[in-house]
file my_file.txt (compact mmCIF, C-alpha atoms and all ligand atoms)
# COMPACT_ATOMS: atom_id res chain seq x y z
CA MET A 833 33.28 111.23 148.69
CA LYS A 834 35.20 108.77 146.53
CA LYS A 835 33.09 105.95 145.13
CA THR A 836 34.44 102.60 143.97
CA ILE A 837 32.63 100.69 141.26
CA ALA A 838 32.83 97.35 139.46
CA VAL A 839 31.75 97.25 135.81
CA LEU A 840 30.56 93.85 134.62
CA GLY A 841 30.27 93.90 130.83
CA ALA A 842 32.68 96.82 130.39
CA THR A 843 33.17 96.15 126.67
CA GLY A 844 29.49 96.32 125.71
CA SER A 845 27.27 99.22 124.74
CA ILE A 846 26.24 100.06 128.34
CA GLY A 847 29.70 99.25 129.74
CA ILE A 848 31.46 101.60 127.31
CA GLN A 849 28.94 104.38 127.98
CA THR A 850 29.32 103.85 131.74
CA LEU A 851 33.07 104.27 131.48
CA ASN A 852 32.58 107.31 129.29
CA ALA A 853 30.26 108.86 131.89
CA VAL A 854 32.94 108.18 134.53
CA ARG A 855 35.66 109.63 132.27
CA THR A 856 33.80 112.80 131.38
CA CYS A 857 31.58 113.58 134.38
CA LEU A 858 32.74 111.85 137.56
CA ASN A 859 36.21 112.57 138.90
CA ASN A 860 35.68 110.85 142.24
CA VAL A 861 35.16 107.32 140.97
CA ASN A 862 37.63 104.49 141.32
CA ILE A 863 37.21 101.31 139.24
CA ASP A 864 37.95 98.05 140.99
CA VAL A 865 36.72 95.44 138.50
CA LEU A 866 36.31 95.32 134.72
CA THR A 867 35.03 92.34 132.73
CA GLY A 868 35.02 91.56 129.00
CA TYR A 869 34.08 88.52 126.99
CA LYS A 870 34.89 88.39 123.28
CA ASN A 871 36.18 91.93 122.78
CA ILE A 872 39.58 91.66 124.45
CA ASP A 873 41.02 94.33 122.11
CA ARG A 874 38.40 96.72 123.47
CA LEU A 875 39.02 95.69 127.07
CA ALA A 876 42.81 96.19 127.00
CA PRO A 877 42.89 100.03 126.67
CA LEU A 878 40.18 100.29 129.36
CA VAL A 879 42.35 98.25 131.74
CA ASP A 880 45.31 100.58 131.12
CA GLU A 881 43.15 103.69 131.48
CA PHE A 882 41.09 102.76 134.58
CA LYS A 883 43.65 100.51 136.30
CA PRO A 884 41.30 98.04 138.05
CA GLU A 885 42.52 95.61 140.72
CA LYS A 886 40.71 92.71 139.06
CA VAL A 887 39.81 91.85 135.49
CA TRP A 888 37.69 88.95 134.32
CA VAL A 889 37.78 87.33 130.86
CA PRO A 890 36.17 84.01 129.87
CA ASP A 891 39.21 81.72 129.50
CA LYS A 892 42.98 81.31 129.60
CA GLU A 893 43.34 82.17 125.91
CA ALA A 894 41.57 85.51 126.43
CA ALA A 895 43.72 86.11 129.54
CA SER A 896 46.97 85.58 127.57
CA LYS A 897 45.74 87.88 124.84
CA LEU A 898 44.88 90.54 127.40
CA ASN A 899 48.20 90.20 129.23
CA ALA A 900 50.06 90.74 125.97
CA LEU A 901 48.12 93.95 125.30
CA VAL A 902 48.20 95.73 128.69
CA THR A 903 50.92 97.42 130.71
CA HIS A 904 48.83 97.74 133.90
CA ARG A 905 49.41 94.72 136.11
CA CYS A 906 46.29 93.35 137.83
CA LYS A 907 44.74 90.02 138.78
CA VAL A 908 43.11 88.37 135.77
CA PHE A 909 40.39 85.80 136.48
CA THR A 910 38.73 83.31 134.12
CA GLY A 911 35.76 80.92 134.15
CA ASP A 912 32.09 81.32 135.10
CA GLU A 913 32.65 80.76 138.83
CA GLU A 914 35.28 83.51 138.94
CA LEU A 915 32.90 85.96 137.21
CA ILE A 916 30.48 85.37 140.06
CA ALA A 917 33.32 85.76 142.59
CA CYS A 918 34.48 89.03 140.96
CA ALA A 919 30.93 90.41 141.31
CA ALA A 920 31.00 89.74 145.06
CA GLU A 921 34.60 89.87 146.23
CA ASN A 922 35.71 93.39 145.44
CA ASN A 923 36.09 96.82 147.01
CA ALA A 924 33.19 98.32 145.08
CA ASP A 925 30.33 100.27 146.65
CA ILE A 926 28.28 99.75 143.47
CA VAL A 927 28.37 96.85 141.03
CA ILE A 928 27.20 97.86 137.57
CA ASN A 929 25.71 94.88 135.83
CA ALA A 930 25.94 95.57 132.09
CA LEU A 931 26.18 91.91 131.09
CA VAL A 932 23.76 90.70 128.45
CA GLY A 933 21.29 87.85 128.92
CA ARG A 934 21.13 85.03 131.44
CA ALA A 935 24.82 85.41 132.26
CA GLY A 936 23.84 88.38 134.42
CA LEU A 937 21.75 86.56 137.02
CA ALA A 938 24.31 84.67 139.13
CA PRO A 939 26.70 87.68 139.41
CA THR A 940 23.77 89.90 140.49
CA LEU A 941 22.75 87.46 143.21
CA ALA A 942 26.37 87.09 144.37
CA ALA A 943 26.89 90.85 144.52
CA ILE A 944 23.66 91.36 146.48
CA SER A 945 24.61 88.55 148.89
CA ALA A 946 27.88 90.37 149.49
CA GLY A 947 25.92 93.53 150.34
CA LYS A 948 26.85 95.50 147.21
CA ASP A 949 24.46 98.06 145.76
CA ILE A 950 23.60 97.26 142.15
CA ALA A 951 23.16 99.54 139.16
CA LEU A 952 21.24 97.19 136.91
CA ALA A 953 21.19 97.30 133.12
CA ASN A 954 20.83 93.51 132.83
CA LYS A 955 17.02 93.31 132.76
CA GLU A 956 17.16 89.54 132.18
CA THR A 957 18.16 89.22 135.86
CA LEU A 958 14.75 90.47 136.99
CA VAL A 959 12.82 88.72 134.23
CA THR A 960 14.29 85.35 135.14
CA ALA A 961 14.31 85.58 138.91
CA GLY A 962 12.63 88.86 139.93
CA PRO A 963 11.14 87.75 143.27
CA LEU A 964 14.37 86.00 144.36
CA VAL A 965 16.49 89.03 143.48
CA ILE A 966 14.17 91.59 145.07
CA ASN A 967 13.71 89.55 148.26
CA LEU A 968 17.44 89.03 148.64
CA ALA A 969 18.07 92.74 148.09
CA ARG A 970 15.51 93.57 150.77
CA LYS A 971 17.05 91.08 153.19
CA LYS A 972 20.57 92.41 152.58
CA ASN A 973 19.36 96.03 152.58
CA VAL A 974 20.98 96.77 149.22
CA GLY A 975 19.67 99.15 146.61
CA ILE A 976 18.93 98.14 143.01
CA THR A 977 19.12 101.20 140.79
CA PRO A 978 17.73 100.90 137.29
CA ILE A 979 19.85 101.84 134.27
CA ASP A 980 17.22 100.91 131.68
CA SER A 981 15.99 104.33 130.47
CA GLU A 982 12.28 103.63 131.05
CA HIS A 983 12.88 102.35 134.57
CA SER A 984 15.20 105.22 135.36
CA ALA A 985 12.40 107.52 134.21
CA ILE A 986 9.78 105.72 136.33
CA TRP A 987 12.12 105.76 139.32
CA GLN A 988 12.60 109.52 138.92
CA CYS A 989 8.83 110.10 138.53
CA LEU A 990 8.13 107.94 141.61
CA GLN A 991 10.19 110.11 143.90
CA ASP A 992 7.07 112.22 144.37
CA ASN A 993 4.91 109.67 146.23
CA PRO A 994 5.33 105.96 145.45
CA GLN A 995 2.31 105.02 147.62
CA ALA A 996 -0.15 106.97 145.46
CA VAL A 997 0.53 105.37 142.07
CA GLU A 998 -2.48 104.61 139.88
CA LYS A 999 -0.52 103.30 136.93
CA ILE A 1000 2.83 103.30 135.19
CA LEU A 1001 2.98 104.30 131.53
CA LEU A 1002 5.87 102.35 130.06
CA THR A 1003 6.86 103.90 126.73
CA ALA A 1004 8.20 101.99 123.72
CA SER A 1005 9.70 103.27 120.48
CA GLY A 1006 7.92 100.53 118.53
CA GLY A 1007 11.21 99.47 116.93
CA PRO A 1008 12.26 99.48 113.27
CA PHE A 1009 9.20 97.50 112.06
CA ARG A 1010 6.48 99.61 113.66
CA THR A 1011 5.20 100.83 110.30
CA TRP A 1012 6.01 97.67 108.32
CA SER A 1013 3.22 95.31 107.24
CA GLN A 1014 3.10 91.85 108.79
CA LYS A 1015 3.92 90.39 105.37
CA LYS A 1016 7.02 92.52 105.01
CA ILE A 1017 8.13 91.75 108.59
CA THR A 1018 7.88 88.01 107.82
CA ASN A 1019 10.83 88.36 105.46
CA ALA A 1020 12.87 90.73 107.67
CA ARG A 1021 16.47 89.73 108.15
CA ALA A 1022 18.89 90.44 110.98
CA GLU A 1023 20.38 93.46 109.23
CA ASP A 1024 16.89 95.05 108.95
CA ALA A 1025 16.11 94.41 112.60
CA LEU A 1026 19.50 95.80 113.68
CA ARG A 1027 18.61 99.22 112.24
CA HIS A 1028 16.91 100.73 115.31
CA PRO A 1029 15.43 104.17 114.57
CA ASN A 1030 16.41 105.87 117.87
CA TRP A 1031 18.86 103.86 119.96
CA LYS A 1032 22.32 102.41 119.30
CA MET A 1033 22.60 99.30 121.50
CA GLY A 1034 24.04 95.79 121.65
CA ALA A 1035 22.74 93.25 119.12
CA LYS A 1036 20.52 91.21 121.45
CA ILE A 1037 18.52 94.12 122.85
CA THR A 1038 18.24 95.63 119.35
CA ILE A 1039 16.53 92.46 118.09
CA ASP A 1040 14.39 92.39 121.26
CA SER A 1041 13.34 95.95 120.42
CA ALA A 1042 12.33 94.89 116.90
CA THR A 1043 10.18 92.00 118.19
CA LEU A 1044 8.87 94.12 121.14
CA MET A 1045 10.12 91.35 123.43
CA ASN A 1046 12.24 94.11 124.95
CA LYS A 1047 9.05 95.86 126.09
CA GLY A 1048 7.75 92.58 127.47
CA LEU A 1049 10.99 92.07 129.41
CA GLU A 1050 10.73 95.66 130.64
CA LEU A 1051 7.15 95.08 131.74
CA ILE A 1052 8.29 92.22 133.99
CA GLU A 1053 11.31 94.28 135.09
CA ALA A 1054 9.00 97.14 136.12
CA MET A 1055 6.60 94.84 138.01
CA HIS A 1056 9.47 93.60 140.20
CA LEU A 1057 11.41 96.85 140.56
CA PHE A 1058 8.40 98.95 141.48
CA ASN A 1059 6.27 96.24 143.12
CA GLN A 1060 3.33 96.81 140.77
CA PRO A 1061 0.76 94.30 139.47
CA LEU A 1062 0.60 93.70 135.73
CA GLU A 1063 -2.69 95.59 135.35
CA ASN A 1064 -1.08 98.78 136.72
CA ILE A 1065 1.40 98.96 133.85
CA GLU A 1066 0.32 100.24 130.45
CA ILE A 1067 2.60 99.99 127.44
CA LEU A 1068 2.43 103.02 125.21
CA VAL A 1069 4.20 103.26 121.86
CA HIS A 1070 5.88 106.65 121.56
CA PRO A 1071 8.04 106.53 118.42
CA GLN A 1072 10.11 109.63 119.18
CA SER A 1073 11.59 108.18 122.43
CA ILE A 1074 11.58 111.60 124.11
CA ILE A 1075 9.29 110.70 127.01
CA HIS A 1076 11.14 107.82 128.67
CA SER A 1077 8.11 106.76 130.74
CA MET A 1078 5.49 108.27 133.06
CA VAL A 1079 3.67 107.69 136.32
CA GLN A 1080 -0.01 108.48 136.81
CA TYR A 1081 -0.99 109.22 140.41
CA HIS A 1082 -4.30 108.59 142.21
CA ASP A 1083 -5.37 112.19 141.63
CA GLY A 1084 -4.97 111.82 137.84
CA SER A 1085 -1.76 113.83 137.66
CA VAL A 1086 0.83 112.37 135.26
CA ILE A 1087 4.56 112.93 135.85
CA ALA A 1088 6.91 112.23 132.95
CA GLN A 1089 10.68 112.17 132.53
CA LEU A 1090 11.95 113.50 129.21
CA GLY A 1091 15.27 113.66 127.44
CA LEU A 1092 17.07 112.77 124.25
CA PRO A 1093 17.43 109.05 123.55
CA ASP A 1094 20.88 108.80 125.13
CA MET A 1095 21.74 106.12 127.70
CA GLN A 1096 24.51 108.20 129.26
CA LEU A 1097 21.94 110.15 131.27
CA PRO A 1098 20.26 107.19 133.03
CA ILE A 1099 23.71 105.64 133.57
CA LEU A 1100 25.01 108.82 135.16
CA TYR A 1101 21.91 109.17 137.32
CA ALA A 1102 22.18 105.55 138.49
CA LEU A 1103 25.72 106.30 139.69
CA SER A 1104 25.04 109.67 141.27
CA ALA A 1105 21.39 109.69 142.48
CA PRO A 1106 19.91 111.57 144.18
CA LYS A 1107 22.56 114.08 143.06
CA ARG A 1108 22.31 115.57 139.57
CA VAL A 1109 25.70 115.81 137.89
CA LYS A 1110 26.50 118.65 135.49
CA ASN A 1111 27.52 117.37 132.06
CA ASN A 1112 27.95 118.40 128.43
CA PHE A 1113 25.57 115.81 126.97
CA PRO A 1114 23.39 117.22 124.17
CA ARG A 1115 20.22 118.95 125.43
CA LEU A 1116 16.64 118.39 124.31
CA ASP A 1117 15.43 121.33 122.17
CA PHE A 1118 11.61 121.35 122.24
CA THR A 1119 11.45 123.63 119.19
CA LYS A 1120 13.28 120.96 117.16
CA CYS A 1121 12.00 117.62 118.50
CA GLY A 1122 8.74 117.79 116.49
CA ASP A 1123 5.45 116.14 117.41
CA LEU A 1124 5.30 113.69 120.29
CA THR A 1125 2.87 110.93 119.33
CA PHE A 1126 1.40 107.90 121.10
CA GLU A 1127 -0.33 104.69 120.09
CA ALA A 1128 -1.24 101.31 121.56
CA PRO A 1129 1.16 98.42 120.80
CA ASN A 1130 0.05 95.99 118.07
CA ILE A 1131 0.34 92.57 119.70
CA ASP A 1132 -0.88 90.74 116.59
CA LYS A 1133 2.03 92.11 114.59
CA PHE A 1134 4.44 91.63 117.51
CA PRO A 1135 3.50 88.30 119.19
CA CYS A 1136 6.59 88.33 121.44
CA LEU A 1137 4.88 91.04 123.46
CA ALA A 1138 1.77 88.87 123.90
CA LEU A 1139 3.98 85.98 125.04
CA ALA A 1140 5.76 88.20 127.57
CA ILE A 1141 2.41 89.40 128.92
CA GLN A 1142 1.36 85.76 129.27
CA ALA A 1143 4.60 85.02 131.13
CA ALA A 1144 4.12 88.07 133.36
CA LYS A 1145 0.55 86.97 134.16
CA THR A 1146 1.51 83.33 134.82
CA GLY A 1147 4.72 84.02 136.75
CA GLY A 1148 6.59 81.12 138.38
CA THR A 1149 9.22 79.62 136.12
CA LEU A 1150 7.56 80.68 132.84
CA PRO A 1151 9.47 84.00 132.47
CA ALA A 1152 12.76 82.08 132.88
CA VAL A 1153 11.76 79.63 130.13
CA MET A 1154 10.69 82.51 127.91
CA ASN A 1155 13.94 84.36 128.53
CA TYR A 1156 16.03 81.28 127.74
CA MET A 1157 14.11 80.48 124.55
CA ASN A 1158 14.23 84.12 123.46
CA GLU A 1159 17.96 84.46 124.02
CA TRP A 1160 18.63 81.34 121.99
CA ALA A 1161 16.15 82.22 119.21
CA VAL A 1162 17.54 85.77 118.91
CA GLY A 1163 21.02 84.24 118.50
CA GLU A 1164 19.70 82.00 115.70
CA PHE A 1165 17.96 84.95 114.03
CA LEU A 1166 21.16 87.01 114.22
CA LYS A 1167 22.89 84.20 112.31
CA ASN A 1168 19.98 84.29 109.80
CA LYS A 1169 19.23 80.65 110.65
CA ILE A 1170 15.57 81.34 111.45
CA GLY A 1171 13.04 83.95 110.38
CA PHE A 1172 11.77 86.90 112.40
CA TYR A 1173 8.46 85.30 113.36
CA ASP A 1174 10.18 82.01 114.22
CA ILE A 1175 11.42 83.74 117.38
CA SER A 1176 7.88 84.07 118.74
CA SER A 1177 6.75 80.73 117.25
CA LEU A 1178 9.53 78.84 119.01
CA ILE A 1179 8.79 80.52 122.33
CA ALA A 1180 5.08 79.74 121.90
CA LEU A 1181 5.92 76.12 121.13
CA ALA A 1182 7.95 75.89 124.35
CA PHE A 1183 5.10 77.45 126.33
CA ARG A 1184 2.72 74.77 125.04
CA SER A 1185 5.02 71.95 126.12
CA TYR A 1186 6.10 73.33 129.49
CA THR A 1187 4.49 72.82 132.89
CA VAL A 1188 5.04 75.95 134.97
CA LYS A 1189 6.41 75.58 138.51
CA PRO A 1190 6.61 77.98 141.42
CA VAL A 1191 9.97 79.65 142.12
CA LYS A 1192 11.25 79.04 145.64
CA THR A 1193 14.99 78.86 145.08
CA LEU A 1194 17.56 79.43 142.35
CA ALA A 1195 17.45 75.69 141.65
CA ASP A 1196 13.86 76.11 140.34
CA ILE A 1197 15.15 78.66 137.78
CA GLN A 1198 18.06 76.41 136.87
CA ASP A 1199 15.67 73.47 136.34
CA ALA A 1200 13.46 75.63 134.10
CA GLU A 1201 16.47 76.69 132.04
CA ALA A 1202 17.67 73.08 131.82
CA TRP A 1203 14.20 72.15 130.54
CA ALA A 1204 14.43 74.88 127.88
CA ALA A 1205 17.92 73.72 126.85
CA GLN A 1206 16.61 70.17 126.47
CA PHE A 1207 13.56 71.39 124.56
CA ILE A 1208 15.83 73.22 122.10
CA LYS A 1209 17.89 70.04 121.62
CA SER A 1210 14.71 68.12 120.81
CA LEU A 1211 13.82 70.49 117.95
CA PRO A 1212 14.58 69.43 114.37
CA SER A 1213 18.04 70.87 113.75
CA THR A 1214 17.95 71.71 110.04
CA LYS A 1215 14.75 73.69 109.65
CA TYR A 1216 12.21 74.70 112.23
CA GLU A 1217 9.19 75.27 109.95
CA ILE A 1218 7.11 76.30 112.91
CA HIS A 1219 4.42 78.90 112.53
CA VAL A 1220 1.58 79.61 114.94
P1 LIG B 1301 26.30 94.26 124.65
O1 LIG B 1301 26.10 93.02 123.89
O2 LIG B 1301 26.72 95.48 123.92
O3 LIG B 1301 27.34 94.03 125.86
C1 LIG B 1301 27.24 92.92 126.70
C2 LIG B 1301 28.45 92.82 127.60
O4 LIG B 1301 28.45 91.55 128.25
C3 LIG B 1301 29.79 92.90 126.88
O5 LIG B 1301 30.75 93.43 127.74
C4 LIG B 1301 30.09 91.42 126.58
O6 LIG B 1301 31.49 91.23 126.39
C5 LIG B 1301 29.61 90.78 127.87
N1 LIG B 1301 29.16 89.40 127.71
C6 LIG B 1301 28.42 88.87 126.72
N2 LIG B 1301 28.14 87.58 126.96
C7 LIG B 1301 28.76 87.27 128.13
C8 LIG B 1301 28.86 86.07 128.90
N3 LIG B 1301 28.27 84.93 128.52
N4 LIG B 1301 29.57 86.14 130.06
C9 LIG B 1301 30.15 87.27 130.46
N5 LIG B 1301 30.11 88.43 129.76
C10 LIG B 1301 29.40 88.42 128.62
O7 LIG B 1301 24.93 94.52 125.42
P2 LIG B 1301 24.30 95.92 125.88
O8 LIG B 1301 25.34 96.77 126.53
O9 LIG B 1301 23.49 96.47 124.78
O10 LIG B 1301 23.26 95.42 126.96
C11 LIG B 1301 23.65 94.99 128.26
C12 LIG B 1301 22.41 94.85 129.12
O11 LIG B 1301 21.82 96.14 129.28
C13 LIG B 1301 21.32 93.97 128.48
O12 LIG B 1301 20.66 93.25 129.47
C14 LIG B 1301 20.37 94.98 127.84
O13 LIG B 1301 19.05 94.49 127.76
C15 LIG B 1301 20.46 96.14 128.83
N6 LIG B 1301 20.17 97.45 128.27
C16 LIG B 1301 20.93 97.94 127.25
C17 LIG B 1301 20.68 99.19 126.69
C18 LIG B 1301 21.56 99.76 125.62
O14 LIG B 1301 21.35 100.92 125.25
N7 LIG B 1301 22.53 99.05 125.11
C19 LIG B 1301 19.52 99.98 127.16
C20 LIG B 1301 18.82 99.41 128.26
C21 LIG B 1301 19.13 98.17 128.79
P3 LIG B 1301 32.18 91.38 124.92
O15 LIG B 1301 31.63 92.64 124.31
O16 LIG B 1301 33.64 91.50 125.27
O17 LIG B 1301 31.86 90.16 124.15
MG MG B 1302 14.70 100.30 127.86

call {"tool": "encode", "arguments": {"input": "my_file.txt", "output": "structure tokens"}}
result
Amino acid sequence: MKKTIAVLGATGSIGIQTLNAVRTCLNNVNIDVLTGYKNIDRLAPLVDEFKPEKVWVPDKEAASKLNALVTHRCKVFTGDEELIACAAENNADIVINALVGRAGLAPTLAAISAGKDIALANKETLVTAGPLVINLARKKNVGITPIDSEHSAIWQCLQDNPQAVEKILLTASGGPFRTWSQKKITNARAEDALRHPNWKMGAKITIDSATLMNKGLELIEAMHLFNQPLENIEILVHPQSIIHSMVQYHDGSVIAQLGLPDMQLPILYALSAPKRVKNNFPRLDFTKCGDLTFEAPNIDKFPCLALAIQAAKTGGTLPAVMNYMNEWAVGEFLKNKIGFYDISSLIALAFRSYTVKPVKTLADIQDAEAWAAQFIKSLPSTKYEIHV
């Protein structure tokens, strides 16, 4: 059967790999929507190749640039409201959300409201507004399929018997600074943090992987996706990234999903499940992958993980504040305006000043984010000099 998809964030790491999976493995997929943001040069050939009905770019300038580069004629939309409309008003059976950061939440909610199934890479959606998103999906009877490799692994392991779960073992590579001393990490710069040992990803998630915030975000993502309490999820550092996560059942049996660190596989599975699609992706060779090792995460060396656990435990609007602060601080770190440990220090500072509220509607999330934006404005602009 022919499937129609919309790819939000087509020009990013997940977007490009999604389109590559479609190009190389799926000949029955039609693409209705593509979106880009800054990389219009990258978007243009994708528009000509996949011939979507609708394309979204941020503004009129980007639209003119795109129009000058493409031969395929389609409707080009601009502006935040139109991104949300493109997520909902389309012919797609599945909306792939490969946007990065907070920008992903409103399009996810709009697509779910319109009854679209979601293949979700944008973990920030669930971190910020997990209960709202999950409840809406339940109400609208739409599926949310994880693209994040750990969650894809857990989802695959859970197909045995989701009622009999004892705990989820969420694996983490440990990032580029796993073996660095705290002193050395203090002076790490963006270029050091961008050198991930196993995965090639967009800049924001690569920094999140270095701080272990990524694992904290994934912890919250897993709680909402799989309806598990915090204490049922154990984070396990597994530097080789071969086991993508595991599920331990009530009888003590542990089911794992393994593979090379390659996002194409979880992307393909999110689009084809429960079918398994033949492909030519490289195979895991057990005689060559070496030892598989495991250790507990070091939360003293990686305080972002401790902050995310605190946010997961507290709930309400705190994860949204954390997510906002993190996204901003990662941006500052990428510009080498703040140090590595300033990311966690600034989030911790916000936590100390913020009064957590329950989340009943999207407005509660928006208020929390507005508070965080205001908090950032109130910080001294030249130098943060904040250490906890
Ligand atoms: P990238 O930064 O590579 O791509 C992000 C995409 O979103 C790009 O298409 C970008 O456009 C677009 N974009 C950025 N900002 C905005 C905005 N404000 N409004 C609309 N569009 C925007 O990110 P990744 O592909 O690495 O990550 C995407 C999501 O998937 C993240 O939530 C990440 O945590 C998650 N994820 C990623 C993995 C990976 O391997 N990369 C693995 C697991 C999860 P443009 O490029 O044109 O500027
Ligand atoms: Mg992941």

call {"tool": "residues_near_ligand", "arguments": {"input": "my_file.txt", "ligand": "ligand MG 1302 (chain B)", "cutoff": "6 Å", "atoms": "only C-alpha atoms and all ligand atoms", "output": "list in words"}}
result
Asp980, Ser981 and Glu982 of chain A

call {"tool": "residues_near_ligand", "arguments": {"input": "my_file.txt", "ligand": "ligand LIG 1301 (chain B)", "cutoff": "8 Å", "atoms": "all atoms listed in the file", "output": "PyMOL selection string"}}
result
chain A and resi 840-848+867-872+874-875+889-890+912+915+929-936+952-957+979-981+1031-1038+1046+1094-1095

call {"tool": "write_last_selection", "arguments": {"input": "my_file.txt", "atoms": "C-alpha atoms", "output": "tab-separated table (two decimals), in the coordinates of the input"}}
result
chain	number	residue	atom	x	y	z
A	840	LEU	CA	30.56	93.85	134.62
A	841	GLY	CA	30.27	93.90	130.83
A	842	ALA	CA	32.68	96.82	130.39
A	843	THR	CA	33.17	96.15	126.67
A	844	GLY	CA	29.49	96.32	125.71
A	845	SER	CA	27.27	99.22	124.74
A	846	ILE	CA	26.24	100.06	128.34
A	847	GLY	CA	29.70	99.25	129.74
A	848	ILE	CA	31.46	101.60	127.31
A	867	THR	CA	35.03	92.34	132.73
A	868	GLY	CA	35.02	91.56	129.00
A	869	TYR	CA	34.08	88.52	126.99
A	870	LYS	CA	34.89	88.39	123.28
A	871	ASN	CA	36.18	91.93	122.78
A	872	ILE	CA	39.58	91.66	124.45
A	874	ARG	CA	38.40	96.72	123.47
A	875	LEU	CA	39.02	95.69	127.07
A	889	VAL	CA	37.78	87.33	130.86
A	890	PRO	CA	36.17	84.01	129.87
A	912	ASP	CA	32.09	81.32	135.10
A	915	LEU	CA	32.90	85.96	137.21
A	929	ASN	CA	25.71	94.88	135.83
A	930	ALA	CA	25.94	95.57	132.09
A	931	LEU	CA	26.18	91.91	131.09
A	932	VAL	CA	23.76	90.70	128.45
A	933	GLY	CA	21.29	87.85	128.92
A	934	ARG	CA	21.13	85.03	131.44
A	935	ALA	CA	24.82	85.41	132.26
A	936	GLY	CA	23.84	88.38	134.42
A	952	LEU	CA	21.24	97.19	136.91
A	953	ALA	CA	21.19	97.30	133.12
A	954	ASN	CA	20.83	93.51	132.83
A	955	LYS	CA	17.02	93.31	132.76
A	956	GLU	CA	17.16	89.54	132.18
A	957	THR	CA	18.16	89.22	135.86
A	979	ILE	CA	19.85	101.84	134.27
A	980	ASP	CA	17.22	100.91	131.68
A	981	SER	CA	15.99	104.33	130.47
A	1031	TRP	CA	18.86	103.86	119.96
A	1032	LYS	CA	22.32	102.41	119.30
A	1033	MET	CA	22.60	99.30	121.50
A	1034	GLY	CA	24.04	95.79	121.65
A	1035	ALA	CA	22.74	93.25	119.12
A	1036	LYS	CA	20.52	91.21	121.45
A	1037	ILE	CA	18.52	94.12	122.85
A	1038	THR	CA	18.24	95.63	119.35
A	1046	ASN	CA	12.24	94.11	124.95
A	1094	ASP	CA	20.88	108.80	125.13
A	1095	MET	CA	21.74	106.12	127.70

call {"tool": "closest_residue", "arguments": {"input": "my_file.txt", "among": "A:Cys906, A:Leu1049, A:Leu964, A:Ile1075", "to": "Ile986 in chain A", "atoms": "all atoms listed in the file"}}
result
A:Ile1075

call {"tool": "residues_near_point", "arguments": {"input": "my_file.txt", "point": "(15.0, 114.1, 129.3)", "cutoff": "9 Å", "atoms": "all atoms listed in the file", "output": "list in words"}}
result
Ala985, Ile1074, Ile1075, His1076, Gln1089, Leu1090, Gly1091, Leu1092, Pro1093, Asp1094, Leu1097, Arg1115 and Leu1116 of chain A

call {"tool": "residues_around", "arguments": {"input": "my_file.txt", "residues": "Ala917 in chain A", "least_positions_apart": "4", "cutoff": "9 Å", "atoms": "all atoms listed in the file", "output": "PDB file with C-alpha atoms, keeping the file's coordinate frame"}}
result
ATOM      1  CA  ASP A 912      32.090  81.320 135.100  1.00  0.00           C
ATOM      2  CA  GLU A 913      32.650  80.760 138.830  1.00  0.00           C
ATOM      3  CA  GLU A 921      34.600  89.870 146.230  1.00  0.00           C
ATOM      4  CA  ASN A 922      35.710  93.390 145.440  1.00  0.00           C
ATOM      5  CA  PRO A 939      26.700  87.680 139.410  1.00  0.00           C
ATOM      6  CA  ALA A 942      26.370  87.090 144.370  1.00  0.00           C
ATOM      7  CA  ALA A 943      26.890  90.850 144.520  1.00  0.00           C
TER       8      ALA A 943
END

call {"tool": "atom_distance", "arguments": {"input": "my_file.txt", "atom1": "CA of Ser945 in chain A", "atom2": "CA of Ile928 in chain A"}}
result
14.9 Å

call {"tool": "closest_residue", "arguments": {"input": "my_file.txt", "among": "A:Thr1018, A:Thr940, A:Ser1085, A:Thr1149", "to": "Phe1134 in chain A", "atoms": "all atoms listed in the file"}}
result
A:Thr1018

call {"tool": "residues_near_point", "arguments": {"input": "my_file.txt", "point": "(39.4, 95.9, 134.0)", "cutoff": "10 Å", "atoms": "all atoms listed in the file", "output": "PyMOL selection string"}}
result
chain A and resi 838-843+863-868+875-889+904+906-908

call {"tool": "residues_around", "arguments": {"input": "my_file.txt", "residues": "Arg1010 in chain A", "least_positions_apart": "3", "cutoff": "10 Å", "atoms": "only C-alpha atoms", "output": "MDAnalysis selection string"}}
result
chainID A and resid 1005:1007 1013:1014 1017 1042:1044 1069 1071 1129:1130 1133:1134

call {"tool": "closest_residue", "arguments": {"input": "my_file.txt", "among": "A:Ser1077, A:Asn859, A:Asn1158, A:Thr910", "to": "Val959 in chain A", "atoms": "only C-alpha atoms"}}
result
A:Asn1158

call {"tool": "atom_distance", "arguments": {"input": "my_file.txt", "atom1": "CA of Thr1146 in chain A", "atom2": "CA of Gln1060 in chain A"}}
result
14.8 Å

call {"tool": "residues_around", "arguments": {"input": "my_file.txt", "residues": "Val1109 in chain A", "least_positions_apart": "4", "cutoff": "8 Å", "atoms": "only C-alpha atoms", "output": "number ranges by chain"}}
result
A: 857, 1100-1101, 1104

call {"tool": "write_last_selection", "arguments": {"input": "my_file.txt", "atoms": "C-alpha atoms", "output": "PDB file, in the frame of the given file"}}
result
ATOM      1  CA  CYS A 857      31.580 113.580 134.380  1.00  0.00           C
ATOM      2  CA  LEU A1100      25.010 108.820 135.160  1.00  0.00           C
ATOM      3  CA  TYR A1101      21.910 109.170 137.320  1.00  0.00           C
ATOM      4  CA  SER A1104      25.040 109.670 141.270  1.00  0.00           C
TER       5      SER A1104
END
